[in-house]
>>> print(open('input33.cif').read())   # mmCIF, C-alpha atoms
data_start
loop_
_atom_site.label_atom_id
_atom_site.label_comp_id
_atom_site.auth_asym_id
_atom_site.auth_seq_id
_atom_site.Cartn_x
_atom_site.Cartn_y
_atom_site.Cartn_z
CA MET A 1 48.18 160.01 82.93
CA THR A 2 48.72 159.18 86.58
CA ASP A 3 49.37 155.66 87.78
CA ASP A 4 45.74 155.57 88.92
CA ASP A 5 44.60 156.22 85.33
CA LEU A 6 46.68 153.24 84.21
CA ARG A 7 45.51 150.84 86.93
CA TRP A 8 43.02 148.13 85.99
CA ARG A 9 40.21 147.47 88.48
CA LEU A 10 40.38 143.88 89.68
CA GLY A 11 37.23 141.83 90.12
CA ALA A 12 36.46 138.21 90.86
CA ARG A 13 39.26 135.69 91.35
CA PHE A 14 39.04 132.03 90.32
CA PRO A 15 41.40 129.25 91.34
CA GLY A 16 43.42 127.58 88.60
CA HIS A 17 45.62 124.56 89.24
CA ASP A 18 48.11 123.50 91.91
CA TYR A 19 51.55 122.44 90.63
CA ARG A 20 53.13 122.32 94.13
CA ILE A 21 56.03 124.69 93.33
CA PHE A 22 53.54 127.17 91.86
CA ARG A 23 49.79 127.59 91.57
CA THR A 24 47.72 129.34 88.93
CA HIS A 25 44.65 131.49 89.28
CA PHE A 26 42.54 133.83 87.19
CA VAL A 27 41.35 137.34 87.92
CA GLU A 28 38.79 139.46 86.10
CA ALA A 29 39.93 143.02 85.42
CA GLU A 30 38.44 146.13 83.84
CA ASN A 31 40.42 148.20 81.34
CA PRO A 32 40.64 151.74 82.84
CA ARG A 33 40.45 153.36 79.40
CA THR A 34 37.77 151.35 77.61
CA GLY A 35 35.90 149.71 80.48
CA THR A 36 36.11 146.33 78.75
CA SER A 37 36.83 143.21 80.78
CA LYS A 38 39.75 140.84 80.50
CA ARG A 39 40.65 137.71 82.45
CA PHE A 40 44.31 137.58 83.51
CA SER A 41 46.03 134.20 84.08
CA LEU A 42 48.44 134.48 87.01
CA ILE A 43 51.09 132.33 88.67
CA GLU A 44 51.51 132.32 92.45
CA SER A 45 54.60 131.09 94.23
CA VAL A 46 56.53 131.87 97.38
CA ASP A 47 59.29 134.50 97.35
CA TRP A 48 62.72 133.51 96.11
CA VAL A 49 66.18 134.40 97.40
CA ASN A 50 69.57 134.24 95.72
CA VAL A 51 73.03 134.99 97.06
CA ILE A 52 76.23 136.49 95.70
CA ALA A 53 78.66 134.96 98.21
CA LEU A 54 82.29 136.10 98.13
CA THR A 55 84.83 133.89 99.86
CA THR A 56 87.57 135.20 102.14
CA ASP A 57 89.89 135.00 99.12
CA ASP A 58 87.46 137.07 97.02
CA ARG A 59 85.96 134.34 94.85
CA VAL A 60 82.27 133.96 93.94
CA VAL A 61 80.56 130.72 95.05
CA LEU A 62 78.78 129.17 92.06
CA VAL A 63 76.57 126.10 91.65
CA ARG A 64 76.11 123.97 88.57
CA GLN A 65 72.84 122.06 88.32
CA TYR A 66 70.43 120.54 85.85
CA ARG A 67 67.39 122.68 85.06
CA ALA A 68 64.37 120.90 83.63
CA GLY A 69 62.80 124.00 82.02
CA VAL A 70 65.69 124.40 79.60
CA ASP A 71 66.77 120.70 79.81
CA ARG A 72 70.44 121.46 80.42
CA VAL A 73 72.95 122.18 83.18
CA CYS A 74 73.09 125.84 84.27
CA LEU A 75 75.83 127.76 86.07
CA GLU A 76 74.17 129.81 88.81
CA ILE A 77 74.55 131.31 92.26
CA PRO A 78 73.00 129.58 95.30
CA GLY A 79 69.35 130.30 96.00
CA GLY A 80 65.91 128.90 96.45
CA MET A 81 62.53 129.43 98.04
CA VAL A 82 61.94 131.52 101.15
CA ASP A 83 60.14 129.20 103.56
CA ALA A 84 57.00 130.30 105.42
CA GLY A 85 57.95 132.44 108.42
CA GLU A 86 61.56 132.73 107.27
CA THR A 87 63.28 136.03 106.46
CA ALA A 88 65.00 136.37 103.10
CA ARG A 89 68.33 136.73 104.90
CA ALA A 90 67.78 133.51 106.86
CA ALA A 91 66.71 131.74 103.67
CA GLY A 92 69.86 132.96 101.91
CA ILE A 93 72.10 131.77 104.74
CA ARG A 94 70.29 128.40 104.74
CA GLU A 95 70.40 127.91 100.96
CA LEU A 96 74.10 128.83 100.80
CA ARG A 97 74.91 126.33 103.56
CA GLU A 98 72.71 123.52 102.20
CA GLU A 99 73.77 123.86 98.58
CA THR A 100 77.47 124.63 99.04
CA GLY A 101 78.63 124.13 102.67
CA TYR A 102 79.78 127.78 102.84
CA THR A 103 78.85 129.74 105.99
CA GLY A 104 79.70 132.95 107.81
CA GLY A 105 80.48 136.29 106.21
CA THR A 106 78.85 139.71 106.45
CA TRP A 107 75.39 139.82 104.89
CA GLN A 108 73.40 142.65 103.32
CA GLU A 109 70.43 142.92 100.98
CA LEU A 110 71.60 143.89 97.50
CA GLY A 111 68.22 144.41 95.86
CA THR A 112 64.67 143.18 95.44
CA SER A 113 62.93 142.52 92.16
CA SER A 114 59.74 141.11 90.67
CA PRO A 115 60.64 138.05 88.57
CA ASN A 116 57.73 138.56 86.17
CA PRO A 117 55.27 141.29 87.22
CA ALA A 118 52.90 140.59 84.33
CA ILE A 119 51.95 137.13 85.61
CA GLN A 120 53.72 136.48 88.94
CA SER A 121 53.17 138.15 92.31
CA ASN A 122 56.29 136.90 94.07
CA ARG A 123 59.53 138.73 94.80
CA LEU A 124 63.19 137.82 94.44
CA ILE A 125 65.48 139.12 97.18
CA THR A 126 69.19 139.16 96.30
CA MET A 127 71.65 139.00 99.20
CA LEU A 128 75.36 139.83 99.19
CA ALA A 129 77.57 137.84 101.61
CA VAL A 130 81.19 138.92 101.91
CA GLY A 131 83.82 136.68 103.52
CA VAL A 132 82.15 133.26 103.53
CA GLU A 133 84.14 130.07 104.17
CA ARG A 134 83.59 126.41 103.36
CA THR A 135 83.01 124.90 106.80
CA GLU A 136 80.62 122.00 106.12
CA ASP A 137 79.66 119.42 103.56
CA PRO A 138 76.76 120.51 101.35
CA GLU A 139 73.39 119.01 102.25
CA PRO A 140 71.27 119.57 99.15
CA ASP A 141 67.56 118.82 99.24
CA GLU A 142 66.53 115.41 98.07
CA GLY A 143 66.18 115.85 94.34
CA GLU A 144 68.97 118.42 94.04
CA VAL A 145 72.19 117.31 92.33
CA ILE A 146 74.60 120.21 92.62
CA GLU A 147 78.26 120.77 91.80
CA VAL A 148 79.98 123.63 93.65
CA GLU A 149 82.73 125.76 92.14
CA THR A 150 84.19 129.24 92.57
CA ALA A 151 85.34 131.95 90.16
CA THR A 152 86.79 135.43 90.42
CA LEU A 153 84.49 138.41 89.82
CA PRO A 154 86.21 139.26 86.51
CA ASP A 155 85.66 135.63 85.43
CA VAL A 156 82.00 135.86 86.40
CA GLN A 157 81.66 139.12 84.49
CA HIS A 158 83.18 137.40 81.43
CA LYS A 159 80.70 134.51 81.77
CA LEU A 160 77.82 137.02 82.01
CA ARG A 161 79.01 138.79 78.87
CA THR A 162 79.50 135.64 76.83
CA GLY A 163 76.22 134.06 77.96
CA GLU A 164 77.87 131.12 79.77
CA ILE A 165 75.82 132.43 82.69
CA ASP A 166 72.38 133.12 81.20
CA HIS A 167 69.94 132.52 84.08
CA ALA A 168 67.96 135.76 84.21
CA LEU A 169 67.74 135.84 88.00
CA VAL A 170 71.51 135.39 88.30
CA ILE A 171 71.95 138.26 85.82
CA VAL A 172 69.59 140.28 88.05
CA ALA A 173 71.82 139.63 91.08
CA PHE A 174 74.99 140.83 89.34
CA GLY A 175 73.00 143.66 87.75
CA HIS A 176 72.20 144.93 91.25
CA LEU A 177 75.92 144.78 92.02
CA ALA A 178 76.87 146.55 88.79
CA PHE A 179 74.33 149.37 89.25
CA ARG A 180 76.00 150.18 92.58
CA VAL A 181 79.52 150.27 91.32
CA GLY A 182 79.38 150.71 87.56
CA ASN A 183 78.39 153.45 85.20
CA LEU A 184 75.90 152.76 82.42
CA ARG A 185 76.86 155.84 80.40
CA ALA A 186 79.90 154.50 78.57
CA ILE A 187 78.12 152.80 75.66
CA MET B 1 81.28 115.71 88.06
CA THR B 2 80.75 116.53 84.41
CA ASP B 3 77.57 118.16 83.16
CA ASP B 4 76.52 114.73 81.94
CA ASP B 5 76.72 113.38 85.50
CA LEU B 6 74.40 116.20 86.61
CA ARG B 7 71.85 115.79 83.82
CA TRP B 8 68.52 114.14 84.67
CA ARG B 9 67.15 111.66 82.10
CA LEU B 10 63.79 112.88 80.84
CA GLY B 11 60.95 110.43 80.31
CA ALA B 12 57.28 110.72 79.48
CA ARG B 13 55.65 114.13 79.01
CA PHE B 14 52.06 114.92 79.97
CA PRO B 15 50.08 117.98 78.96
CA GLY B 16 48.97 120.34 81.71
CA HIS B 17 46.70 123.31 81.06
CA ASP B 18 46.46 126.05 78.43
CA TYR B 19 46.36 129.62 79.78
CA ARG B 20 46.77 131.24 76.32
CA ILE B 21 49.85 133.33 77.22
CA PHE B 22 51.50 130.22 78.68
CA ARG B 23 50.83 126.49 78.90
CA THR B 24 51.89 123.97 81.51
CA HIS B 25 53.09 120.44 81.13
CA PHE B 26 54.70 117.72 83.20
CA VAL B 27 57.74 115.60 82.50
CA GLU B 28 59.01 112.52 84.30
CA ALA B 29 62.74 112.60 85.08
CA GLU B 30 65.26 110.27 86.68
CA ASN B 31 67.76 111.56 89.27
CA PRO B 32 71.25 110.79 87.85
CA ARG B 33 72.67 110.09 91.31
CA THR B 34 69.93 108.06 92.99
CA GLY B 35 67.91 106.77 90.04
CA THR B 36 64.69 107.89 91.71
CA SER B 37 61.95 109.49 89.64
CA LYS B 38 60.48 112.96 89.94
CA ARG B 39 57.78 114.72 87.96
CA PHE B 40 58.70 118.30 86.99
CA SER B 41 55.96 120.91 86.40
CA LEU B 42 56.97 123.19 83.54
CA ILE B 43 55.69 126.37 81.90
CA GLU B 44 55.88 126.84 78.13
CA SER B 45 55.60 130.18 76.40
CA VAL B 46 56.98 131.87 73.32
CA ASP B 47 60.28 133.76 73.44
CA TRP B 48 60.25 137.33 74.75
CA VAL B 49 62.12 140.42 73.56
CA ASN B 50 62.87 143.69 75.31
CA VAL B 51 64.59 146.83 74.07
CA ILE B 52 66.90 149.45 75.53
CA ALA B 53 66.17 152.25 73.06
CA LEU B 54 68.29 155.42 73.24
CA THR B 55 66.92 158.51 71.54
CA THR B 56 68.99 160.81 69.34
CA ASP B 57 69.40 163.05 72.42
CA ASP B 58 70.63 160.10 74.50
CA ARG B 59 67.54 159.36 76.59
CA VAL B 60 66.11 155.92 77.39
CA VAL B 61 62.56 155.21 76.19
CA LEU B 62 60.48 153.88 79.11
CA VAL B 63 56.92 152.62 79.40
CA ARG B 64 54.68 152.72 82.44
CA GLN B 65 51.93 150.12 82.58
CA TYR B 66 49.73 148.19 84.98
CA ARG B 67 50.91 144.65 85.72
CA ALA B 68 48.31 142.24 87.05
CA GLY B 69 50.81 139.83 88.67
CA VAL B 70 51.95 142.45 91.17
CA ASP B 71 48.72 144.52 90.92
CA ARG B 72 50.49 147.85 90.41
CA VAL B 73 51.94 150.10 87.73
CA CYS B 74 55.53 149.22 86.70
CA LEU B 75 58.18 151.34 85.00
CA GLU B 76 59.74 149.21 82.25
CA ILE B 77 61.37 149.23 78.84
CA PRO B 78 59.36 148.28 75.73
CA GLY B 79 59.04 144.59 74.96
CA GLY B 80 56.74 141.68 74.39
CA MET B 81 56.35 138.32 72.76
CA VAL B 82 58.25 137.22 69.67
CA ASP B 83 55.57 136.19 67.18
CA ALA B 84 55.78 132.90 65.26
CA GLY B 85 58.16 133.26 62.31
CA GLU B 86 59.44 136.62 63.55
CA THR B 87 63.07 137.33 64.47
CA ALA B 88 63.81 138.85 67.88
CA ARG B 89 65.13 141.97 66.16
CA ALA B 90 61.92 142.38 64.12
CA ALA B 91 59.85 141.79 67.26
CA GLY B 92 61.87 144.44 69.12
CA ILE B 93 61.42 146.97 66.32
CA ARG B 94 57.69 146.19 66.20
CA GLU B 95 57.15 146.35 69.99
CA LEU B 96 59.07 149.64 70.26
CA ARG B 97 56.97 151.18 67.47
CA GLU B 98 53.62 149.84 68.72
CA GLU B 99 54.16 150.68 72.38
CA THR B 100 55.96 154.03 72.02
CA GLY B 101 55.88 155.35 68.42
CA TYR B 102 59.70 155.44 68.34
CA THR B 103 61.40 154.05 65.20
CA GLY B 104 64.77 154.00 63.44
CA GLY B 105 68.16 153.78 65.12
CA THR B 106 70.96 151.25 64.90
CA TRP B 107 70.07 147.87 66.39
CA GLN B 108 72.18 145.14 67.96
CA GLU B 109 71.56 142.17 70.23
CA LEU B 110 72.74 142.96 73.74
CA GLY B 111 72.25 139.54 75.31
CA THR B 112 70.07 136.46 75.63
CA SER B 113 68.87 134.92 78.87
CA SER B 114 66.59 132.22 80.25
CA PRO B 115 63.86 133.92 82.32
CA ASN B 116 63.47 130.94 84.65
CA PRO B 117 65.43 127.83 83.60
CA ALA B 118 64.01 125.70 86.42
CA ILE B 119 60.47 125.79 85.05
CA GLN B 120 60.41 127.73 81.75
CA SER B 121 61.93 126.79 78.41
CA ASN B 122 61.66 130.15 76.69
CA ARG B 123 64.35 132.77 76.07
CA LEU B 124 64.50 136.53 76.50
CA ILE B 125 66.45 138.41 73.84
CA THR B 126 67.49 141.94 74.81
CA MET B 127 68.11 144.40 71.98
CA LEU B 128 69.93 147.75 72.07
CA ALA B 129 68.71 150.46 69.68
CA VAL B 130 70.77 153.65 69.47
CA GLY B 131 69.40 156.83 67.90
CA VAL B 132 65.64 156.17 67.79
CA GLU B 133 63.15 159.00 67.15
CA ARG B 134 59.47 159.49 67.86
CA THR B 135 57.94 159.40 64.40
CA GLU B 136 54.47 157.91 64.97
CA ASP B 137 51.66 157.68 67.47
CA PRO B 138 51.85 154.55 69.62
CA GLU B 139 49.48 151.75 68.60
CA PRO B 140 49.34 149.51 71.68
CA ASP B 141 47.58 146.16 71.48
CA GLU B 142 43.98 146.09 72.56
CA GLY B 143 44.23 145.56 76.29
CA GLU B 144 47.48 147.53 76.70
CA VAL B 145 47.27 150.90 78.48
CA ILE B 146 50.74 152.39 78.29
CA GLU B 147 52.29 155.74 79.21
CA VAL B 148 55.55 156.61 77.45
CA GLU B 149 58.33 158.63 79.06
CA THR B 150 62.09 159.07 78.73
CA ALA B 151 64.95 159.37 81.19
CA THR B 152 68.71 159.78 81.03
CA LEU B 153 70.91 156.73 81.63
CA PRO B 154 72.11 158.09 85.01
CA ASP B 155 68.45 158.56 86.01
CA VAL B 156 67.68 154.99 84.95
CA GLN B 157 70.68 153.72 86.91
CA HIS B 158 69.38 155.62 89.97
CA LYS B 159 65.92 154.04 89.53
CA LEU B 160 67.53 150.59 89.25
CA ARG B 161 69.48 151.18 92.46
CA THR B 162 66.54 152.49 94.45
CA GLY B 163 64.13 149.80 93.22
CA GLU B 164 61.81 152.24 91.39
CA ILE B 165 62.57 149.97 88.44
CA ASP B 166 62.24 146.43 89.86
CA HIS B 167 61.04 144.31 86.91
CA ALA B 168 63.60 141.51 86.81
CA LEU B 169 63.70 141.34 83.01
CA VAL B 170 64.35 145.09 82.80
CA ILE B 171 67.16 144.67 85.33
CA VAL B 172 68.49 141.87 83.08
CA ALA B 173 68.57 144.25 80.11
CA PHE B 174 70.55 146.93 81.95
CA GLY B 175 72.68 144.20 83.53
CA HIS B 176 73.76 143.13 80.04
CA LEU B 177 74.66 146.75 79.34
CA ALA B 178 76.55 147.11 82.64
CA PHE B 179 78.55 143.90 82.17
CA ARG B 180 79.89 145.33 78.91
CA VAL B 181 80.93 148.67 80.28
CA GLY B 182 81.21 148.31 84.02
CA ASN B 183 83.53 146.59 86.42
CA LEU B 184 82.11 144.35 89.13
CA ARG B 185 85.27 144.35 91.21
CA ALA B 186 84.80 147.60 93.09
CA ILE B 187 82.59 146.33 95.93
#
>>> encode(input="input33.cif", output="structure tokens")
Amino acid sequence: MTDDDLRWRLGARFPGHDYRIFRTHFVEAENPRTGTSKRFSLIESVDWVNVIALTTDDRVVLVRQYRAGVDRVCLEIPGGMVDAGETARAAGIRELREETGYTGGTWQELGTSSPNPAIQSNRLITMLAVGVERTEDPEPDEGEVIEVETATLPDVQHKLRTGEIDHALVIVAFGHLAFRVGNLRAI
Amino acid sequence: MTDDDLRWRLGARFPGHDYRIFRTHFVEAENPRTGTSKRFSLIESVDWVNVIALTTDDRVVLVRQYRAGVDRVCLEIPGGMVDAGETARAAGIRELREETGYTGGTWQELGTSSPNPAIQSNRLITMLAVGVERTEDPEPDEGEVIEVETATLPDVQHKLRTGEIDHALVIVAFGHLAFRVGNLRAI
């Protein structure tokens, strides 16, 4: 089967509810194989950015913050929402500065992913910044309570293996890094 | 600051809306630094499982299916929801069989992650199955239209690097694999 044979035909859309950081809506769709209809529930939000920032002494900039979904403190990399009219790179530079006070470095896009293609339309862009320095005090958004720390890449890899870092979108960021440099064959 | 200094104090919970595959709710929380209140919007769903299944001839079992969130066909690994009372391992074995017809192999848990700790409480468990074989016809759920294919691990790694595979939770699965065998240092 081609991708076109797998594609459902979308029909009418209906608004759901507005939760400010995301909105829901519904869309009618027709099964390409059976012709039967199904209503998908979808979540809309802006694109997200996250940043693997390596300091001039080769340490990863990490943030520790409370996350209400899991009701505990998570160890993460800096990131947030891409504002309207903002590029992902600009959003990454802004989030890194606001959350951690680190600036500068050489920036490149490491990878782009779909956080949950089944129900979300938005994208996550992961940036890599090499050679950042702490030049300012953090200025977190009102409502953000963030602790900044750094770790070496081998330490981060250990935390990813043990599950101390378990935020899927942080795993995605380091996955993009690993797929460039690693080798998945050696199971 | 300790994690306890970062933790918001949760208060009253209010139900949101039921979308069948997920539900929303709201929770009042108090900022530990300022004492001000904020209402978080949260998404509840069951836990998810996905499976890196390697065939007896060392190929990865992949599924191609339409995803309404992004309105296109995605290349993924098998997976789905963990049913009530079911272990993640049993759910992985079931999803692999239903979606692809592959069974058997030696199973282990590769890693557990939080798909979106800011707004979701659920967990994703990634399983690794080594030595599976195609023994049955797939029996996808009503409403699933799935094409099964296989690829070598180097091919999968190439697709992860180029973005042909861009489903974040699939990247998470291969990230878990890479963190075991790879080395993040060689940027």
>>> closest_atom_pairs(input="input33.cif", of="stretch 51-165 of chain B", to="stretch 145-161 of chain A", cutoff="12 Å", atoms="all atoms listed in the file", output="CSV")
residue,atom,partner,partner_atom,distance
B:Glu109,CA,A:Arg161,CA,11.9
B:Leu110,CA,A:Arg161,CA,9.1
B:Gly111,CA,A:Arg161,CA,7.7
B:Thr112,CA,A:Arg161,CA,9.8
B:Ser113,CA,A:Leu160,CA,9.7
>>> atom_distance(input="input33.cif", atom1="atom CA of A:Arg7", atom2="atom CA of B:Val61")
20.6 Å
>>> calpha_fit_and_write(input="input33.cif", fixed="chain B", moving="chain A", output="compact mmCIF listing (two decimals) with C-alpha atoms, in the frame of the given file")
# COMPACT_ATOMS: atom_id res chain seq x y z
CA MET A 1 81.30 115.70 88.06
CA THR A 2 80.74 116.52 84.41
CA ASP A 3 77.57 118.15 83.16
CA ASP A 4 76.49 114.71 81.94
CA ASP A 5 76.71 113.37 85.51
CA LEU A 6 74.41 116.19 86.63
CA ARG A 7 71.84 115.79 83.84
CA TRP A 8 68.52 114.14 84.67
CA ARG A 9 67.16 111.67 82.10
CA LEU A 10 63.79 112.87 80.84
CA GLY A 11 60.95 110.43 80.29
CA ALA A 12 57.28 110.72 79.47
CA ARG A 13 55.66 114.12 79.00
CA PHE A 14 52.06 114.92 79.96
CA PRO A 15 50.08 117.98 78.95
CA GLY A 16 48.98 120.34 81.70
CA HIS A 17 46.71 123.31 81.06
CA ASP A 18 46.46 126.04 78.43
CA TYR A 19 46.37 129.62 79.77
CA ARG A 20 46.78 131.23 76.31
CA ILE A 21 49.85 133.34 77.22
CA PHE A 22 51.50 130.22 78.67
CA ARG A 23 50.84 126.50 78.88
CA THR A 24 51.88 123.98 81.50
CA HIS A 25 53.09 120.43 81.12
CA PHE A 26 54.69 117.72 83.20
CA VAL A 27 57.75 115.60 82.51
CA GLU A 28 59.02 112.52 84.30
CA ALA A 29 62.74 112.60 85.07
CA GLU A 30 65.27 110.27 86.67
CA ASN A 31 67.75 111.54 89.26
CA PRO A 32 71.24 110.79 87.83
CA ARG A 33 72.66 110.09 91.29
CA THR A 34 69.94 108.05 92.98
CA GLY A 35 67.91 106.77 90.04
CA THR A 36 64.69 107.89 91.71
CA SER A 37 61.94 109.49 89.64
CA LYS A 38 60.48 112.95 89.95
CA ARG A 39 57.77 114.73 87.96
CA PHE A 40 58.70 118.30 86.99
CA SER A 41 55.95 120.91 86.40
CA LEU A 42 56.97 123.19 83.53
CA ILE A 43 55.69 126.37 81.90
CA GLU A 44 55.88 126.84 78.13
CA SER A 45 55.61 130.18 76.40
CA VAL A 46 56.98 131.87 73.31
CA ASP A 47 60.27 133.78 73.45
CA TRP A 48 60.26 137.33 74.76
CA VAL A 49 62.11 140.42 73.56
CA ASN A 50 62.87 143.69 75.32
CA VAL A 51 64.59 146.82 74.08
CA ILE A 52 66.89 149.45 75.54
CA ALA A 53 66.17 152.25 73.06
CA LEU A 54 68.28 155.42 73.24
CA THR A 55 66.91 158.50 71.53
CA THR A 56 68.99 160.81 69.34
CA ASP A 57 69.37 163.04 72.41
CA ASP A 58 70.63 160.09 74.49
CA ARG A 59 67.54 159.37 76.58
CA VAL A 60 66.12 155.92 77.39
CA VAL A 61 62.55 155.21 76.19
CA LEU A 62 60.50 153.89 79.10
CA VAL A 63 56.92 152.62 79.41
CA ARG A 64 54.68 152.72 82.44
CA GLN A 65 51.92 150.12 82.58
CA TYR A 66 49.73 148.19 84.96
CA ARG A 67 50.91 144.66 85.72
CA ALA A 68 48.32 142.23 87.04
CA GLY A 69 50.82 139.83 88.67
CA VAL A 70 51.95 142.45 91.17
CA ASP A 71 48.71 144.52 90.91
CA ARG A 72 50.48 147.84 90.40
CA VAL A 73 51.94 150.10 87.72
CA CYS A 74 55.52 149.22 86.70
CA LEU A 75 58.17 151.35 85.00
CA GLU A 76 59.74 149.23 82.26
CA ILE A 77 61.37 149.23 78.84
CA PRO A 78 59.35 148.28 75.74
CA GLY A 79 59.03 144.59 74.96
CA GLY A 80 56.73 141.69 74.41
CA MET A 81 56.33 138.32 72.75
CA VAL A 82 58.25 137.23 69.66
CA ASP A 83 55.57 136.19 67.17
CA ALA A 84 55.79 132.90 65.26
CA GLY A 85 58.19 133.27 62.32
CA GLU A 86 59.45 136.63 63.56
CA THR A 87 63.08 137.34 64.47
CA ALA A 88 63.81 138.84 67.87
CA ARG A 89 65.13 141.96 66.16
CA ALA A 90 61.93 142.37 64.13
CA ALA A 91 59.86 141.79 67.26
CA GLY A 92 61.87 144.44 69.12
CA ILE A 93 61.42 146.97 66.32
CA ARG A 94 57.68 146.18 66.22
CA GLU A 95 57.15 146.36 69.99
CA LEU A 96 59.07 149.64 70.25
CA ARG A 97 56.96 151.17 67.47
CA GLU A 98 53.62 149.83 68.72
CA GLU A 99 54.15 150.68 72.37
CA THR A 100 55.94 154.03 72.02
CA GLY A 101 55.87 155.34 68.41
CA TYR A 102 59.70 155.43 68.33
CA THR A 103 61.40 154.04 65.19
CA GLY A 104 64.76 153.98 63.45
CA GLY A 105 68.14 153.77 65.13
CA THR A 106 70.97 151.25 64.91
CA TRP A 107 70.07 147.87 66.39
CA GLN A 108 72.19 145.14 67.96
CA GLU A 109 71.56 142.17 70.24
CA LEU A 110 72.74 142.96 73.76
CA GLY A 111 72.25 139.54 75.33
CA THR A 112 70.07 136.47 75.64
CA SER A 113 68.87 134.93 78.87
CA SER A 114 66.58 132.24 80.26
CA PRO A 115 63.85 133.92 82.32
CA ASN A 116 63.47 130.95 84.66
CA PRO A 117 65.42 127.84 83.61
CA ALA A 118 64.02 125.71 86.43
CA ILE A 119 60.46 125.79 85.06
CA GLN A 120 60.41 127.73 81.76
CA SER A 121 61.94 126.79 78.41
CA ASN A 122 61.66 130.17 76.70
CA ARG A 123 64.34 132.78 76.08
CA LEU A 124 64.48 136.54 76.51
CA ILE A 125 66.44 138.42 73.85
CA THR A 126 67.50 141.95 74.82
CA MET A 127 68.10 144.41 71.98
CA LEU A 128 69.94 147.74 72.09
CA ALA A 129 68.71 150.46 69.69
CA VAL A 130 70.76 153.63 69.49
CA GLY A 131 69.39 156.82 67.90
CA VAL A 132 65.64 156.17 67.79
CA GLU A 133 63.15 158.99 67.14
CA ARG A 134 59.47 159.48 67.87
CA THR A 135 57.94 159.40 64.39
CA GLU A 136 54.47 157.91 64.97
CA ASP A 137 51.66 157.67 67.46
CA PRO A 138 51.84 154.54 69.62
CA GLU A 139 49.48 151.75 68.61
CA PRO A 140 49.35 149.50 71.67
CA ASP A 141 47.59 146.15 71.48
CA GLU A 142 44.00 146.10 72.56
CA GLY A 143 44.24 145.58 76.29
CA GLU A 144 47.48 147.53 76.70
CA VAL A 145 47.28 150.90 78.47
CA ILE A 146 50.74 152.40 78.29
CA GLU A 147 52.28 155.74 79.20
CA VAL A 148 55.56 156.62 77.44
CA GLU A 149 58.33 158.64 79.06
CA THR A 150 62.09 159.07 78.72
CA ALA A 151 64.96 159.37 81.21
CA THR A 152 68.71 159.79 81.04
CA LEU A 153 70.91 156.73 81.64
CA PRO A 154 72.13 158.09 85.01
CA ASP A 155 68.47 158.56 86.01
CA VAL A 156 67.69 155.00 84.96
CA GLN A 157 70.67 153.72 86.92
CA HIS A 158 69.38 155.61 89.98
CA LYS A 159 65.92 154.05 89.53
CA LEU A 160 67.52 150.58 89.27
CA ARG A 161 69.48 151.17 92.47
CA THR A 162 66.55 152.49 94.46
CA GLY A 163 64.14 149.81 93.23
CA GLU A 164 61.82 152.25 91.40
CA ILE A 165 62.57 149.97 88.46
CA ASP A 166 62.24 146.45 89.88
CA HIS A 167 61.04 144.32 86.93
CA ALA A 168 63.60 141.52 86.81
CA LEU A 169 63.71 141.35 83.02
CA VAL A 170 64.34 145.10 82.80
CA ILE A 171 67.16 144.67 85.34
CA VAL A 172 68.49 141.88 83.09
CA ALA A 173 68.56 144.25 80.11
CA PHE A 174 70.56 146.93 81.94
CA GLY A 175 72.68 144.20 83.54
CA HIS A 176 73.76 143.13 80.04
CA LEU A 177 74.67 146.76 79.36
CA ALA A 178 76.56 147.12 82.64
CA PHE A 179 78.57 143.90 82.17
CA ARG A 180 79.89 145.33 78.90
CA VAL A 181 80.93 148.66 80.24
CA GLY A 182 81.23 148.34 84.00
CA ASN A 183 83.52 146.57 86.39
CA LEU A 184 82.10 144.33 89.09
CA ARG A 185 85.27 144.35 91.19
CA ALA A 186 84.80 147.61 93.07
CA ILE A 187 82.60 146.33 95.90
>>> axis_aligned_box(input="input33.cif", around="stretch 102-121 of chain B", padding_each_side="3 Å", output="AutoDock Vina command-line options")
--center_x 66.2 --center_y 140.6 --center_z 74.9 --size_x 19.0 --size_y 35.7 --size_z 29.0
>>> atom_distance(input="input33.cif", atom1="atom CA of A:Ala68", atom2="atom CA of B:Val70")
26.0 Å
>>> residues_around(input="input33.cif", residues="B:Arg134", least_positions_apart="2", cutoff="10 Å", atoms="all atoms listed in the file", output="list in words")
Thr55, Thr56, Val61, Arg97, Thr100, Gly101, Tyr102, Thr103, Gly104, Val132, Glu136, Asp137 and Pro138 of chain B
>>> closest_atom_pairs(input="input33.cif", of="chain B", to="chain A", cutoff="6 Å", atoms="only C-alpha atoms", output="CSV")
residue,atom,partner,partner_atom,distance
B:Leu6,CA,A:Tyr66,CA,5.9
B:Arg7,CA,A:Tyr66,CA,5.4
B:Tyr66,CA,A:Arg7,CA,5.4
B:Arg67,CA,A:Ala118,CA,4.7
B:Ala68,CA,A:Ala118,CA,5.6
B:Gly69,CA,A:Ile119,CA,4.2
B:Val70,CA,A:Ser121,CA,4.6
B:Ser113,CA,A:Asp166,CA,4.6
B:Ser114,CA,A:His167,CA,5.1
B:Pro115,CA,A:Ala168,CA,4.9
B:Pro117,CA,A:Gly69,CA,4.9
B:Ala118,CA,A:Arg67,CA,4.7
B:Ile119,CA,A:Gly69,CA,4.2
B:Gln120,CA,A:Gly69,CA,4.4
B:Ser121,CA,A:Val70,CA,4.6
B:Asp166,CA,A:Ser113,CA,4.6
B:His167,CA,A:Ser114,CA,5.1
B:Ala168,CA,A:Pro115,CA,4.9
B:Ile171,CA,A:Val172,CA,5.7
B:Val172,CA,A:Val172,CA,5.3
B:Gly175,CA,A:Gly175,CA,4.3
B:Ala178,CA,A:Leu184,CA,5.7
B:Gly182,CA,A:Gly182,CA,4.7
B:Asn183,CA,A:Gly182,CA,6.0
B:Leu184,CA,A:Ala178,CA,5.7
